[in-house]
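The structure appears below as structure tokens.
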Amino acid sequence: MKVTTLEDFYKEASLVVPEGINKELGHFNVFKLHELAAAGNKRTTMPYNRRDYYKISLISGKNRAEYADKVIDIEKNALLFATPKIPYHWLPQDDKQHGHFCIFTAEFLTQSKSGVVLDDLPIFRPGGYPIFQLSDKVAEDILHVFNKMFDEIASDYIYKYDLLRNYVLELIHYGQKLQPLTALHPTHNASARVSSLFIELLERQFPIESPHQKLSLRSAKDYADRLSVHVNHLNKVLKQNTGKTTTDIISSRVVQEAKILLKQTDWNISEIAYSLGFDEIAHFSNFFRKHTSFSPLGFRA
């Protein structure tokens, strides 16, 4: 699966790649969809791939979003938060598309500069809900933040990027306020910490970006050993906090990645099976059929 870099983004948008784009200071920019179209980038579909930068988009129009293995239909206005970890595909369903978006790297919002750890924010946590349908009033409020970004990035204020970080955080907090309260509720007890560390360890193995890459942690015992807890204790706390067993959670995430690899790569079934930790194609096929009712080839077709 192709990983879109910042350089790829600028080239595909028919824009000049900014100098020093890979410097440690991080990168930020903000765009209007209609201006990109005027510059020669006629494509409105966002290809299904992983990007090595973060993106926040405000888009108006009828659309469909494919996020990991979920499909979300958007009737009018949407706010989308995209991370480098999970691919998405944006499919316009009409010709009346308008919108704004900003892109930034993790270095732009490091903890020392922003006071936050990006991947600890609820809006960017694995398994979260990063796409929100908006009323016209809420869309107008968010548009105001984007307009402040456009004004500031064009200014000669020497601290403008500090101010732009604040505007990015304003969008992030706006999105987090749209989430269910349960998604934002902090957890501090020991079992919740073990659950959180397990999910982090699980997600750290993804995405699978090469058929030569193989999951190093595959079983409940693998994770328990890495976390220095007994496998029964890990299973108990996960059941308490998520309602699912360790094996259920691992299997669900492996199935999700399998679907992505089957649909979005040209790897053969043997390569996909190997990368997901299966030594035999038959074991992978039986596993996939058990969880989806499809064979791998049947799902790919």
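Numbering starts fresh at 1 for the residues of each chain in the structure tokens, the chains themselves are lettered A, B, ... in the order given, and ligands are numbered from 1 as they appear.
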Exercise for the section: Can you pull out every residue within 10 Å of Ile269 of chain A, counting only C-alpha atoms, but drop anything in the same chain fewer than 4 positions away, and send it as a list in words? Expected result: Ala258, Leu261, Leu262, Ala273, Tyr274, Ser275, Ile281, Phe284, Ser285, Pro296, Leu297 and Arg300 of chain A
Mind writing the picked residues with N, CA, C and O atoms as a PDB file, in the first residue's frame?
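Heads up, here's the output in result.pdb:
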ATOM      1  N   ALA A 258      -6.378  -7.253   7.681  1.00  0.00           N
ATOM      2  CA  ALA A 258      -6.501  -8.190   6.568  1.00  0.00           C
ATOM      3  C   ALA A 258      -7.424  -7.627   5.488  1.00  0.00           C
ATOM      4  O   ALA A 258      -7.126  -7.725   4.289  1.00  0.00           O
ATOM      5  N   LEU A 261      -5.543  -4.936   3.560  1.00  0.00           N
ATOM      6  CA  LEU A 261      -4.516  -5.486   2.671  1.00  0.00           C
ATOM      7  C   LEU A 261      -5.135  -6.218   1.478  1.00  0.00           C
ATOM      8  O   LEU A 261      -4.614  -6.146   0.355  1.00  0.00           O
ATOM      9  N   LEU A 262      -6.241  -6.901   1.709  1.00  0.00           N
ATOM     10  CA  LEU A 262      -6.898  -7.613   0.611  1.00  0.00           C
ATOM     11  C   LEU A 262      -7.490  -6.663  -0.418  1.00  0.00           C
ATOM     12  O   LEU A 262      -7.436  -6.917  -1.628  1.00  0.00           O
ATOM     13  N   ALA A 273      -1.006 -13.499   4.499  1.00  0.00           N
ATOM     14  CA  ALA A 273      -1.062 -14.438   5.624  1.00  0.00           C
ATOM     15  C   ALA A 273       0.222 -14.369   6.437  1.00  0.00           C
ATOM     16  O   ALA A 273       0.190 -14.301   7.681  1.00  0.00           O
ATOM     17  N   TYR A 274       1.362 -14.361   5.757  1.00  0.00           N
ATOM     18  CA  TYR A 274       2.660 -14.311   6.453  1.00  0.00           C
ATOM     19  C   TYR A 274       2.793 -13.031   7.270  1.00  0.00           C
ATOM     20  O   TYR A 274       3.184 -13.065   8.442  1.00  0.00           O
ATOM     21  N   SER A 275       2.441 -11.883   6.658  1.00  0.00           N
ATOM     22  CA  SER A 275       2.615 -10.599   7.342  1.00  0.00           C
ATOM     23  C   SER A 275       1.734 -10.491   8.579  1.00  0.00           C
ATOM     24  O   SER A 275       2.063  -9.785   9.530  1.00  0.00           O
ATOM     25  N   ILE A 281      -1.276 -20.739   4.761  1.00  0.00           N
ATOM     26  CA  ILE A 281      -2.396 -20.046   4.113  1.00  0.00           C
ATOM     27  C   ILE A 281      -3.721 -20.608   4.621  1.00  0.00           C
ATOM     28  O   ILE A 281      -4.686 -19.861   4.843  1.00  0.00           O
ATOM     29  N   PHE A 284      -4.794 -19.007   7.832  1.00  0.00           N
ATOM     30  CA  PHE A 284      -5.303 -17.650   7.600  1.00  0.00           C
ATOM     31  C   PHE A 284      -6.698 -17.695   6.980  1.00  0.00           C
ATOM     32  O   PHE A 284      -7.603 -16.956   7.387  1.00  0.00           O
ATOM     33  N   SER A 285      -6.886 -18.552   5.996  1.00  0.00           N
ATOM     34  CA  SER A 285      -8.189 -18.642   5.315  1.00  0.00           C
ATOM     35  C   SER A 285      -9.285 -19.054   6.284  1.00  0.00           C
ATOM     36  O   SER A 285     -10.386 -18.485   6.276  1.00  0.00           O
ATOM     37  N   PRO A 296     -10.627 -15.298   1.892  1.00  0.00           N
ATOM     38  CA  PRO A 296      -9.846 -14.122   1.503  1.00  0.00           C
ATOM     39  C   PRO A 296     -10.032 -13.748   0.026  1.00  0.00           C
ATOM     40  O   PRO A 296     -10.201 -12.569  -0.298  1.00  0.00           O
ATOM     41  N   LEU A 297     -10.031 -14.734  -0.850  1.00  0.00           N
ATOM     42  CA  LEU A 297     -10.238 -14.450  -2.276  1.00  0.00           C
ATOM     43  C   LEU A 297     -11.643 -13.936  -2.538  1.00  0.00           C
ATOM     44  O   LEU A 297     -11.854 -13.052  -3.374  1.00  0.00           O
ATOM     45  N   ARG A 300     -11.787 -10.330  -1.553  1.00  0.00           N
ATOM     46  CA  ARG A 300     -11.021  -9.479  -2.467  1.00  0.00           C
ATOM     47  C   ARG A 300     -11.772  -9.267  -3.779  1.00  0.00           C
ATOM     48  O   ARG A 300     -11.647  -8.219  -4.417  1.00  0.00           O
TER      49      ARG A 300
END
Problem - Selection: 12 Å around Asp222 of chain A, only C-alpha atoms, excl. self and same-chain fewer than 3 positions, as a list of chain:residue names - result: A:Phe198, A:Leu201, A:Leu202, A:Leu215, A:Ser216, A:Leu217, A:Arg218, A:Ser219, A:Asp225, A:Arg226, A:Leu227, A:Ser228, A:Val229, A:His230, A:Val231, A:Leu234, A:Thr246, A:Thr247, A:Ile250
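Closest approach to Ser191 of chain A from the set A:Gln240, A:Ser210, A:Ser60, A:Gln264 is made by A:Gln240, with distances taken over only C-alpha atoms.
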Problem - Surrounding residues of Phe31 of chain A excluding itself and chain neighbours under 6 positions, 10 Å, only C-alpha atoms, as number ranges by chain - result: A: 57, 99-103, 146, 149-150
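With distances restricted to only C-alpha atoms, A:Tyr174 is the closest residue to Val138 of chain A from A:Phe81, A:Tyr54, A:Tyr174, A:Phe9.
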Problem - Residues of segment 166-248 of chain A in alpha helix (DSSP H), written as a PyMOL selection string - result: chain A and resi 166-178+181-184+190-203+220-227+231-242+246-248
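Across A:Leu178, A:Pro130, A:Val17, A:Asn29, the tightest approach to Ala65 of chain A is made by A:Pro130 when counting only C-alpha atoms.
Atom CA of Asp156 of chain A is found 19.8 Å from atom CA of Phe104 of chain A.
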Fill in the blank from the handout: With distances taken over only C-alpha atoms, the candidate from A:Asp94, A:Asp8, A:Asp279, A:Asp120 nearest Ile74 of chain A is A:Asp94
Completion exercise
From the list A:Thr5, A:Asn147, A:Gln179, A:Gln93, the nearest residue to Asp52 of chain A using only C-alpha atoms is A:Thr5
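Comparing the minimum interatomic distances between His212 of chain A and each of A:Ser196, A:Lys239, A:Leu276, A:His291, counting only C-alpha atoms, we find that A:Leu276 sits nearest.
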Practice task
Using DSSP on the backbone coordinates, identify all residues within segment 84-193 of chain A classified as strand (DSSP E); present the result as a PyMOL selection string.
Solution key: chain A and resi 88-92+98-104+131-134
Can you write out the residues you just picked, keeping N, CA, C and O atoms, as a tab-separated table (two decimals), in the first residue's frame?
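As written to disk, part-v3.tsv reads:
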chain	number	residue	atom	x	y	z
A	88	TYR	N	-7.70	6.22	4.91
A	88	TYR	CA	-9.10	6.53	4.63
A	88	TYR	C	-9.25	6.85	3.15
A	88	TYR	O	-8.28	7.13	2.45
A	89	HIS	N	-10.46	6.79	2.68
A	89	HIS	CA	-10.79	7.04	1.28
A	89	HIS	C	-12.01	7.96	1.28
A	89	HIS	O	-13.00	7.67	1.94
A	90	TRP	N	-11.93	9.07	0.56
A	90	TRP	CA	-13.03	10.04	0.52
A	90	TRP	C	-13.61	10.05	-0.88
A	90	TRP	O	-12.92	10.34	-1.85
A	91	LEU	N	-14.89	9.74	-1.00
A	91	LEU	CA	-15.53	9.62	-2.30
A	91	LEU	C	-16.67	10.62	-2.45
A	91	LEU	O	-17.73	10.45	-1.85
A	92	PRO	N	-16.49	11.70	-3.20
A	92	PRO	CA	-17.57	12.66	-3.42
A	92	PRO	C	-18.76	11.99	-4.12
A	92	PRO	O	-18.57	11.20	-5.05
A	98	HIS	N	-17.14	21.76	-1.58
A	98	HIS	CA	-16.39	22.92	-1.09
A	98	HIS	C	-15.70	22.51	0.19
A	98	HIS	O	-16.16	21.62	0.91
A	99	GLY	N	-14.61	23.16	0.49
A	99	GLY	CA	-13.98	22.81	1.75
A	99	GLY	C	-12.63	23.43	1.97
A	99	GLY	O	-12.08	24.13	1.10
A	100	HIS	N	-12.11	23.17	3.15
A	100	HIS	CA	-10.82	23.68	3.58
A	100	HIS	C	-10.14	22.57	4.37
A	100	HIS	O	-10.81	21.74	4.99
A	101	PHE	N	-8.83	22.55	4.35
A	101	PHE	CA	-8.13	21.58	5.18
A	101	PHE	C	-6.73	22.09	5.51
A	101	PHE	O	-6.17	22.93	4.80
A	102	CYS	N	-6.21	21.60	6.61
A	102	CYS	CA	-4.84	21.90	6.98
A	102	CYS	C	-4.09	20.59	7.14
A	102	CYS	O	-4.67	19.55	7.47
A	103	ILE	N	-2.79	20.63	6.86
A	103	ILE	CA	-1.93	19.48	7.06
A	103	ILE	C	-0.79	19.88	7.98
A	103	ILE	O	-0.35	21.03	7.98
A	104	PHE	N	-0.33	18.93	8.78
A	104	PHE	CA	0.80	19.23	9.67
A	104	PHE	C	1.47	17.92	10.07
A	104	PHE	O	0.86	16.85	10.04
A	131	ILE	N	-14.75	11.17	12.20
A	131	ILE	CA	-15.53	11.88	11.19
A	131	ILE	C	-16.85	12.30	11.80
A	131	ILE	O	-17.57	11.49	12.38
A	132	PHE	N	-17.16	13.60	11.67
A	132	PHE	CA	-18.37	14.14	12.30
A	132	PHE	C	-19.20	14.87	11.27
A	132	PHE	O	-18.69	15.70	10.51
A	133	GLN	N	-20.51	14.57	11.23
A	133	GLN	CA	-21.43	15.35	10.42
A	133	GLN	C	-21.81	16.61	11.20
A	133	GLN	O	-22.03	16.54	12.41
A	134	LEU	N	-21.89	17.73	10.51
A	134	LEU	CA	-22.06	19.02	11.17
A	134	LEU	C	-23.32	19.73	10.67
A	134	LEU	O	-23.68	19.63	9.50
Skip Pro211 of chain A itself and residues of its chain fewer than 2 positions away, then list as a tab-separated table (two decimals) with all heavy atoms, in the first residue's frame all residues within 8 Å of it, counting only C-alpha atoms.
chain	number	residue	atom	x	y	z
A	208	ILE	N	0.70	-2.54	8.48
A	208	ILE	CA	1.60	-3.45	7.77
A	208	ILE	C	1.88	-2.82	6.41
A	208	ILE	O	0.97	-2.63	5.61
A	208	ILE	CB	0.94	-4.84	7.58
A	208	ILE	CG1	0.57	-5.45	8.94
A	208	ILE	CG2	1.86	-5.76	6.80
A	208	ILE	CD1	1.75	-5.80	9.81
A	209	GLU	N	3.13	-2.48	6.16
A	209	GLU	CA	3.45	-1.71	4.96
A	209	GLU	C	4.28	-2.49	3.95
A	209	GLU	O	4.60	-1.97	2.88
A	209	GLU	CB	4.20	-0.43	5.37
A	209	GLU	CG	3.31	0.50	6.20
A	209	GLU	CD	4.03	1.75	6.67
A	209	GLU	OE1	5.26	1.67	6.86
A	209	GLU	OE2	3.36	2.78	6.85
A	213	GLN	N	7.11	-7.59	6.23
A	213	GLN	CA	6.91	-7.20	7.63
A	213	GLN	C	5.98	-8.22	8.27
A	213	GLN	O	4.98	-8.61	7.69
A	213	GLN	CB	6.27	-5.80	7.68
A	213	GLN	CG	5.97	-5.29	9.07
A	213	GLN	CD	5.25	-3.94	9.01
A	213	GLN	OE1	5.21	-3.29	7.96
A	213	GLN	NE2	4.69	-3.52	10.12
A	214	LYS	N	6.31	-8.66	9.49
A	214	LYS	CA	5.50	-9.68	10.14
A	214	LYS	C	5.18	-9.25	11.56
A	214	LYS	O	6.04	-8.70	12.26
A	214	LYS	CB	6.24	-11.02	10.17
A	214	LYS	CG	5.40	-12.19	10.70
A	214	LYS	CD	6.16	-13.49	10.60
A	214	LYS	CE	5.29	-14.67	11.05
A	214	LYS	NZ	6.00	-15.96	10.96
A	267	TRP	N	-0.79	-7.68	-3.01
A	267	TRP	CA	-0.06	-8.80	-2.42
A	267	TRP	C	-0.88	-10.09	-2.59
A	267	TRP	O	-2.12	-10.06	-2.52
A	267	TRP	CB	0.19	-8.57	-0.94
A	267	TRP	CG	0.88	-7.29	-0.60
A	267	TRP	CD1	1.40	-6.37	-1.46
A	267	TRP	CD2	1.11	-6.79	0.72
A	267	TRP	NE1	1.95	-5.32	-0.76
A	267	TRP	CE2	1.79	-5.55	0.58
A	267	TRP	CE3	0.83	-7.25	2.00
A	267	TRP	CZ2	2.16	-4.78	1.68
A	267	TRP	CZ3	1.20	-6.49	3.09
A	267	TRP	CH2	1.87	-5.28	2.93
A	271	GLU	N	1.44	-13.87	0.99
A	271	GLU	CA	2.17	-12.74	1.57
A	271	GLU	C	1.36	-12.08	2.68
A	271	GLU	O	1.91	-11.71	3.72
A	271	GLU	CB	2.50	-11.72	0.47
A	271	GLU	CG	3.54	-12.20	-0.52
A	271	GLU	CD	3.71	-11.26	-1.69
A	271	GLU	OE1	2.69	-10.68	-2.15
A	271	GLU	OE2	4.85	-11.12	-2.17
A	272	ILE	N	0.07	-11.93	2.46
A	272	ILE	CA	-0.79	-11.32	3.49
A	272	ILE	C	-0.85	-12.21	4.72
A	272	ILE	O	-0.73	-11.73	5.85
A	272	ILE	CB	-2.20	-11.05	2.92
A	272	ILE	CG1	-2.13	-9.97	1.83
A	272	ILE	CG2	-3.16	-10.63	4.04
A	272	ILE	CD1	-3.44	-9.74	1.12
A	274	TYR	N	1.36	-14.36	5.76
A	274	TYR	CA	2.66	-14.31	6.45
A	274	TYR	C	2.79	-13.03	7.27
A	274	TYR	O	3.18	-13.07	8.44
A	274	TYR	CB	3.80	-14.40	5.43
A	274	TYR	CG	5.16	-14.15	6.05
A	274	TYR	CD1	5.84	-15.17	6.70
A	274	TYR	CD2	5.74	-12.88	6.00
A	274	TYR	CE1	7.08	-14.95	7.29
A	274	TYR	CE2	6.98	-12.64	6.59
A	274	TYR	CZ	7.65	-13.68	7.23
A	274	TYR	OH	8.86	-13.44	7.83
A	275	SER	N	2.44	-11.88	6.66
A	275	SER	CA	2.62	-10.60	7.34
A	275	SER	C	1.73	-10.49	8.58
A	275	SER	O	2.06	-9.79	9.53
A	275	SER	CB	2.32	-9.43	6.38
A	275	SER	OG	0.94	-9.38	6.07
